[in-house]
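Each remark here refers to the structure printed beneath this line.
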Amino acid sequence: MATPRKSIITCAVTGAIHTPSMSPYLPVTPAEIIEASIAAAEAGAAILHLHARDPETGKPTQDPAVFERFLPQIKEATGAVINLTTGGSPHMTVEERMRPAIEFQPELASLNMGSINFGLFPMLNRYKEFKHEWEREHLENSRDLVFKNTFSDIEKIMTLCGENGTRFECECYDIGHLYSLKNFVDRGVIEGPIFIQSVFGILGGIGPHPEDVIHMRRTVDRLFGSDYAWSVLGAGSSQMRIAAQSAAMGGNVRVGLEDSLWLGPGKLAESNASQVAKAKQMLESLSLEVASPDDARQMLQLKGANNVAF
């Protein structure tokens, strides 16, 4: 695949992995998610990947009523592509995880391309004190956690969301996920261009070594030819290193406090926008142009912001 003239920056604003005790800058309430999303878009993010949290406890939720408290405001204030999670939290059922994407019919929805062990418990070595009891349980319980997305689950999400014109950020945590995605393409369940988000550094998935990134990209090229857009996210401290490697290889990048709480060694990111600005600076230093939201819509063949249900 030829190096694109423009590179998409996705910002994953809050996610479901990190907990409120880990950073005072993690957006939790609808107002905080709105503020963080608008600032990230103004800093250069073409796509905003959104989860919701219980405003009181910060616990991940897929209750559409909570999403409804921030989606219209973000849409009105930015031109960014809004990408809703179908991942939710690994502790949720598939039916729970699908609800926001089914109800709000976004342009994009994330979709994990397989079941994996999802180990968050190493973070217990760093964080000892928690504001809410669920936070410790959330990490500790991941020792025996399988993030379930079977072939049946994936096809159900692809089919039901696809009927609304939603396309997918296909999150691939390992090489086998690429082969699973290729099977859905071959069977006509999903059509190109495929937006592949390669995830590096989650315990249970592929690692963050540069050779892992190269192996993932080579496999994507071999399986999907030119009918795809490739992006990467690196968990934790690997975020910017992997983003830089992707950019140099002609890929797109994802940053945000869902994936990493840090801006640099020992320095917490005080906003999502600071990570977006750093990614934009990195792309431009490589003589790459940063894609606008409309560029991203064209590259990914999205249905447009006027065709969502919020």
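So you can find residues: chains in the structure tokens are A, B, ... in the order shown, residues in each start at 1, and ligands are numbered from 1 in order.
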Discussion item. If we count only C-alpha atoms and set the cut-off at 7 Å, which residues sit around Cys172 of chain A, ignoring sequence neighbours fewer than 6 positions away in its own chain? Please answer as a PyMOL selection string.
Written reply: chain A and resi 112-113+178+197-199
Discussion item. Using only C-alpha atoms, which protein or nucleic acid residues come within 12 Å of Glu42 of chain A? Drop anything in the same chain fewer than 5 positions from it, and give the result as a list of chain:residue names.
Written reply: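 Residues near the query, excluding close chain neighbours: A:Ile9, A:Cys11, A:Glu35, A:Ala36, A:Ser37, A:Ile47, A:Leu48, A:Ile74, A:Ala77, A:Thr78, A:Gly79, A:Ala80, A:Asn272, A:Ala273, A:Ser274, A:Val276, A:Ala277, A:Lys280, A:Ser292, A:Pro293.
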Fill in: Among the residues A:Thr159, A:Gln275, A:Asn307, A:Asn252, the one that comes closest to Met240 of chain A [using only C-alpha atoms]
A:Gln275
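Proximity to Arg222 of chain A was assessed for A:Gly15, A:Leu288, A:Asn83, A:Lys182 counting only C-alpha atoms; the smallest distance is recorded for A:Lys182.
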Item to complete: Work out how far apart atom CA of Ser110 of chain A and atom CA of Ala43 of chain A are and give it in Å to one decimal.
Response: 22.0 Å
Fill in: Polymer residues at most 9 Å from Gly58 of chain A, only C-alpha atoms, same-chain spacing of 3 or more positions, as a list in words
Thr19, Pro20, Pro27, Val28, Thr29, Ala52, Arg53, Asp54, Pro55, Thr61 and His132 of chain A
Item to complete: Might you pull out every residue within 12 Å of Ile116 of chain A, with only C-alpha atoms counted and same-chain residues fewer than 4 positions away left off, and present them as a VMD selection string?
Response: chain A and resid 90 112 142 144 to 150 171 to 177 202 to 206
For the selection you just gave me, I'd like the residues written to a file as a compact mmCIF listing (two decimals), in the first residue's frame, keeping N, CA, C and O atoms.
```
# COMPACT_ATOMS: atom_id res chain seq x y z
N PRO A 90 -14.46 -5.40 29.14
CA PRO A 90 -14.37 -6.87 29.02
C PRO A 90 -15.32 -7.61 29.97
O PRO A 90 -15.59 -8.79 29.77
N ASN A 112 -13.69 -5.44 18.32
CA ASN A 112 -12.57 -6.36 18.57
C ASN A 112 -12.74 -7.62 17.74
O ASN A 112 -13.81 -8.23 17.73
N SER A 142 -9.02 -9.43 36.27
CA SER A 142 -8.50 -9.69 34.92
C SER A 142 -7.52 -10.85 34.87
O SER A 142 -7.15 -11.30 33.79
N ASP A 144 -8.36 -13.73 35.52
CA ASP A 144 -9.18 -14.85 35.04
C ASP A 144 -10.21 -14.35 34.03
O ASP A 144 -11.34 -14.81 33.99
N LEU A 145 -9.80 -13.39 33.21
CA LEU A 145 -10.72 -12.72 32.30
C LEU A 145 -10.43 -13.06 30.85
O LEU A 145 -9.29 -12.94 30.40
N VAL A 146 -11.44 -13.49 30.14
CA VAL A 146 -11.39 -13.63 28.69
C VAL A 146 -12.32 -12.58 28.10
O VAL A 146 -13.52 -12.55 28.41
N PHE A 147 -11.77 -11.69 27.29
CA PHE A 147 -12.60 -10.72 26.57
C PHE A 147 -13.24 -11.47 25.42
O PHE A 147 -12.59 -11.80 24.44
N LYS A 148 -14.51 -11.75 25.53
CA LYS A 148 -15.22 -12.64 24.61
C LYS A 148 -15.71 -11.89 23.38
O LYS A 148 -16.48 -10.94 23.47
N ASN A 149 -15.28 -12.31 22.22
CA ASN A 149 -15.85 -11.91 20.94
C ASN A 149 -15.69 -13.08 19.99
O ASN A 149 -14.65 -13.22 19.32
N THR A 150 -16.67 -13.96 19.97
CA THR A 150 -16.63 -15.14 19.11
C THR A 150 -16.95 -14.74 17.67
O THR A 150 -17.37 -13.61 17.39
N GLU A 171 -10.41 -3.75 15.49
CA GLU A 171 -9.29 -3.79 16.43
C GLU A 171 -8.69 -5.20 16.46
O GLU A 171 -9.36 -6.16 16.82
N CYS A 172 -7.42 -5.28 16.07
CA CYS A 172 -6.72 -6.56 15.96
C CYS A 172 -5.60 -6.60 16.98
O CYS A 172 -4.61 -5.88 16.86
N TYR A 173 -5.77 -7.45 17.99
CA TYR A 173 -4.81 -7.56 19.09
C TYR A 173 -3.75 -8.62 18.83
O TYR A 173 -2.84 -8.77 19.64
N ASP A 174 -3.89 -9.34 17.76
CA ASP A 174 -2.89 -10.36 17.43
C ASP A 174 -3.03 -10.73 15.96
O ASP A 174 -3.99 -10.35 15.29
N ILE A 175 -2.04 -11.49 15.47
CA ILE A 175 -2.02 -11.84 14.05
C ILE A 175 -3.25 -12.65 13.66
O ILE A 175 -3.83 -12.46 12.59
N GLY A 176 -3.68 -13.56 14.54
CA GLY A 176 -4.86 -14.38 14.24
C GLY A 176 -6.10 -13.55 13.99
O GLY A 176 -6.99 -13.96 13.23
N HIS A 177 -6.19 -12.38 14.62
CA HIS A 177 -7.35 -11.52 14.40
C HIS A 177 -7.40 -11.03 12.96
O HIS A 177 -8.49 -10.80 12.42
N ILE A 202 -1.07 -4.98 25.00
CA ILE A 202 -2.01 -5.49 26.00
C ILE A 202 -1.57 -6.90 26.37
O ILE A 202 -1.33 -7.74 25.48
N LEU A 203 -1.48 -7.20 27.66
CA LEU A 203 -1.09 -8.55 28.09
C LEU A 203 -2.17 -9.54 27.67
O LEU A 203 -3.29 -9.47 28.13
N GLY A 204 -1.79 -10.43 26.77
CA GLY A 204 -2.73 -11.36 26.15
C GLY A 204 -2.75 -11.20 24.64
O GLY A 204 -3.23 -12.08 23.92
N GLY A 205 -2.23 -10.07 24.14
CA GLY A 205 -2.16 -9.83 22.71
C GLY A 205 -0.72 -9.68 22.25
O GLY A 205 0.23 -9.97 22.99
N ILE A 206 -0.53 -9.22 21.03
CA ILE A 206 0.81 -9.05 20.48
C ILE A 206 1.56 -7.97 21.25
O ILE A 206 0.96 -7.03 21.78
```
Item to complete: Would you kindly return, as a ChimeraX atom specification, each protein, DNA or RNA residue with an atom no farther than 9 Å from any atom of Val290 of chain A, considering only C-alpha atoms and excluding same-chain residues fewer than 5 positions away?
Response: /A:5-9,44-46,280,283-284
Worksheet item: Quick one: of A:Gly225, A:Gly114, A:Pro265, A:Pro106, who's nearest to Gly162 of chain A, counting only C-alpha atoms?
Response: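 Checking each of A:Gly225, A:Gly114, A:Pro265, A:Pro106 against Gly162 of chain A, counting only C-alpha atoms, the winner is A:Pro106.
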Discussion item. Please extract the residues of segment 194-284 of chain A with a backbone DSSP assignment of alpha helix (DSSP H) and present them as an MDAnalysis selection string.
Written reply: chainID A and resid 210:224 239:248 272:284
Serialized selection, N, CA and C atoms, as an mmCIF file, in the first residue's frame:
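Below is the file selection.cif, written as the result:
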```
data_model
loop_
_atom_site.group_PDB
_atom_site.id
_atom_site.type_symbol
_atom_site.label_atom_id
_atom_site.label_comp_id
_atom_site.auth_asym_id
_atom_site.auth_seq_id
_atom_site.Cartn_x
_atom_site.Cartn_y
_atom_site.Cartn_z
ATOM 1 N N PRO A 210 9.251 -3.366 17.960
ATOM 2 C CA PRO A 210 9.201 -2.937 16.558
ATOM 3 C C PRO A 210 8.999 -4.078 15.572
ATOM 4 N N GLU A 211 9.576 -5.251 15.855
ATOM 5 C CA GLU A 211 9.375 -6.398 14.965
ATOM 6 C C GLU A 211 7.921 -6.848 14.956
ATOM 7 N N ASP A 212 7.218 -6.687 16.092
ATOM 8 C CA ASP A 212 5.800 -7.030 16.133
ATOM 9 C C ASP A 212 4.998 -6.106 15.225
ATOM 10 N N VAL A 213 5.346 -4.818 15.238
ATOM 11 C CA VAL A 213 4.655 -3.848 14.389
ATOM 12 C C VAL A 213 4.890 -4.180 12.918
ATOM 13 N N ILE A 214 6.125 -4.492 12.567
ATOM 14 C CA ILE A 214 6.452 -4.840 11.182
ATOM 15 C C ILE A 214 5.708 -6.108 10.755
ATOM 16 N N HIS A 215 5.679 -7.103 11.641
ATOM 17 C CA HIS A 215 4.990 -8.363 11.326
ATOM 18 C C HIS A 215 3.500 -8.127 11.090
ATOM 19 N N MET A 216 2.899 -7.272 11.923
ATOM 20 C CA MET A 216 1.479 -6.976 11.752
ATOM 21 C C MET A 216 1.232 -6.296 10.408
ATOM 22 N N ARG A 217 2.069 -5.317 10.066
ATOM 23 C CA ARG A 217 1.865 -4.583 8.813
ATOM 24 C C ARG A 217 2.082 -5.482 7.600
ATOM 25 N N ARG A 218 3.114 -6.320 7.641
ATOM 26 C CA ARG A 218 3.352 -7.234 6.524
ATOM 27 C C ARG A 218 2.165 -8.168 6.313
ATOM 28 N N THR A 219 1.604 -8.646 7.397
ATOM 29 C CA THR A 219 0.469 -9.570 7.296
ATOM 30 C C THR A 219 -0.760 -8.845 6.758
ATOM 31 N N VAL A 220 -0.980 -7.618 7.206
ATOM 32 C CA VAL A 220 -2.086 -6.816 6.671
ATOM 33 C C VAL A 220 -1.929 -6.644 5.164
ATOM 34 N N ASP A 221 -0.738 -6.277 4.720
ATOM 35 C CA ASP A 221 -0.487 -6.096 3.285
ATOM 36 C C ASP A 221 -0.795 -7.370 2.504
ATOM 37 N N ARG A 222 -0.323 -8.486 3.028
ATOM 38 C CA ARG A 222 -0.502 -9.760 2.324
ATOM 39 C C ARG A 222 -1.969 -10.182 2.249
ATOM 40 N N LEU A 223 -2.707 -9.946 3.314
ATOM 41 C CA LEU A 223 -4.092 -10.413 3.356
ATOM 42 C C LEU A 223 -5.068 -9.469 2.660
ATOM 43 N N PHE A 224 -4.813 -8.150 2.724
ATOM 44 C CA PHE A 224 -5.839 -7.195 2.290
ATOM 45 C C PHE A 224 -5.426 -6.348 1.085
ATOM 46 N N GLN A 239 3.081 4.087 23.410
ATOM 47 C CA GLN A 239 2.134 4.806 22.549
ATOM 48 C C GLN A 239 2.813 5.591 21.430
ATOM 49 N N MET A 240 3.708 6.516 21.772
ATOM 50 C CA MET A 240 4.288 7.393 20.766
ATOM 51 C C MET A 240 5.346 6.690 19.926
ATOM 52 N N ARG A 241 6.071 5.746 20.504
ATOM 53 C CA ARG A 241 7.065 5.001 19.717
ATOM 54 C C ARG A 241 6.393 4.237 18.587
ATOM 55 N N ILE A 242 5.294 3.582 18.907
ATOM 56 C CA ILE A 242 4.597 2.799 17.888
ATOM 57 C C ILE A 242 3.885 3.728 16.901
ATOM 58 N N ALA A 243 3.361 4.851 17.390
ATOM 59 C CA ALA A 243 2.757 5.826 16.476
ATOM 60 C C ALA A 243 3.782 6.333 15.470
ATOM 61 N N ALA A 244 4.989 6.621 15.929
ATOM 62 C CA ALA A 244 6.037 7.103 15.030
ATOM 63 C C ALA A 244 6.411 6.039 14.011
ATOM 64 N N GLN A 245 6.484 4.775 14.435
ATOM 65 C CA GLN A 245 6.824 3.708 13.516
ATOM 66 C C GLN A 245 5.733 3.548 12.462
ATOM 67 N N SER A 246 4.479 3.607 12.893
ATOM 68 C CA SER A 246 3.378 3.519 11.940
ATOM 69 C C SER A 246 3.434 4.652 10.925
ATOM 70 N N ALA A 247 3.649 5.868 11.413
ATOM 71 C CA ALA A 247 3.695 7.015 10.515
ATOM 72 C C ALA A 247 4.790 6.853 9.476
ATOM 73 N N ALA A 248 5.968 6.389 9.916
ATOM 74 C CA ALA A 248 7.082 6.197 8.994
ATOM 75 C C ALA A 248 6.785 5.117 7.963
ATOM 76 N N ASN A 272 -6.245 14.873 26.707
ATOM 77 C CA ASN A 272 -6.166 14.148 25.442
ATOM 78 C C ASN A 272 -5.546 15.033 24.366
ATOM 79 N N ALA A 273 -5.897 16.309 24.402
ATOM 80 C CA ALA A 273 -5.415 17.232 23.373
ATOM 81 C C ALA A 273 -3.897 17.305 23.354
ATOM 82 N N SER A 274 -3.247 17.170 24.512
ATOM 83 C CA SER A 274 -1.784 17.237 24.537
ATOM 84 C C SER A 274 -1.174 16.062 23.786
ATOM 85 N N GLN A 275 -1.791 14.882 23.884
ATOM 86 C CA GLN A 275 -1.297 13.728 23.128
ATOM 87 C C GLN A 275 -1.559 13.900 21.631
ATOM 88 N N VAL A 276 -2.733 14.432 21.292
ATOM 89 C CA VAL A 276 -3.042 14.687 19.877
ATOM 90 C C VAL A 276 -2.045 15.684 19.296
ATOM 91 N N ALA A 277 -1.764 16.757 20.023
ATOM 92 C CA ALA A 277 -0.823 17.767 19.540
ATOM 93 C C ALA A 277 0.568 17.168 19.335
ATOM 94 N N LYS A 278 0.972 16.280 20.252
ATOM 95 C CA LYS A 278 2.284 15.645 20.117
ATOM 96 C C LYS A 278 2.312 14.729 18.892
ATOM 97 N N ALA A 279 1.224 13.988 18.662
ATOM 98 C CA ALA A 279 1.150 13.125 17.478
ATOM 99 C C ALA A 279 1.149 13.950 16.200
ATOM 100 N N LYS A 280 0.426 15.057 16.202
ATOM 101 C CA LYS A 280 0.388 15.919 15.023
ATOM 102 C C LYS A 280 1.772 16.473 14.712
ATOM 103 N N GLN A 281 2.473 16.920 15.748
ATOM 104 C CA GLN A 281 3.830 17.440 15.556
ATOM 105 C C GLN A 281 4.747 16.365 14.984
ATOM 106 N N MET A 282 4.597 15.151 15.476
ATOM 107 C CA MET A 282 5.417 14.038 14.992
ATOM 108 C C MET A 282 5.127 13.758 13.519
ATOM 109 N N LEU A 283 3.853 13.728 13.141
ATOM 110 C CA LEU A 283 3.483 13.482 11.746
ATOM 111 C C LEU A 283 4.037 14.575 10.836
ATOM 112 N N GLU A 284 3.868 15.810 11.255
ATOM 113 C CA GLU A 284 4.321 16.915 10.410
ATOM 114 C C GLU A 284 5.840 16.959 10.306
#
```
Practice prompt. For Thr86 of chain A, list every protein, DNA or RNA residue within 10 Å, evaluated using only C-alpha atoms, and leave out those in the same chain fewer than 3 positions away; present the list as a VMD selection string.
Written response: chain A and resid 50 to 51 62 83 89 94 to 102 109 to 112 154 157 161 168
Worksheet entry | From A:Asp153, A:Tyr228, A:Met249, A:Gly119, residue lying nearest Thr93 of chain A [only C-alpha atoms] | A:Asp153
Worksheet item: Counting only C-alpha atoms, which of A:Arg136, A:Glu32, A:Val308, A:Ser152 gets nearest to Phe104 of chain A?
Response: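 For Phe104 of chain A, the nearest of the candidates is A:Val308.
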Practice prompt. Quote the spacing between atom CA of Val81 of chain A and atom CA of Val253 of chain A in Å to one decimal place.
Written response: 14.7 Å
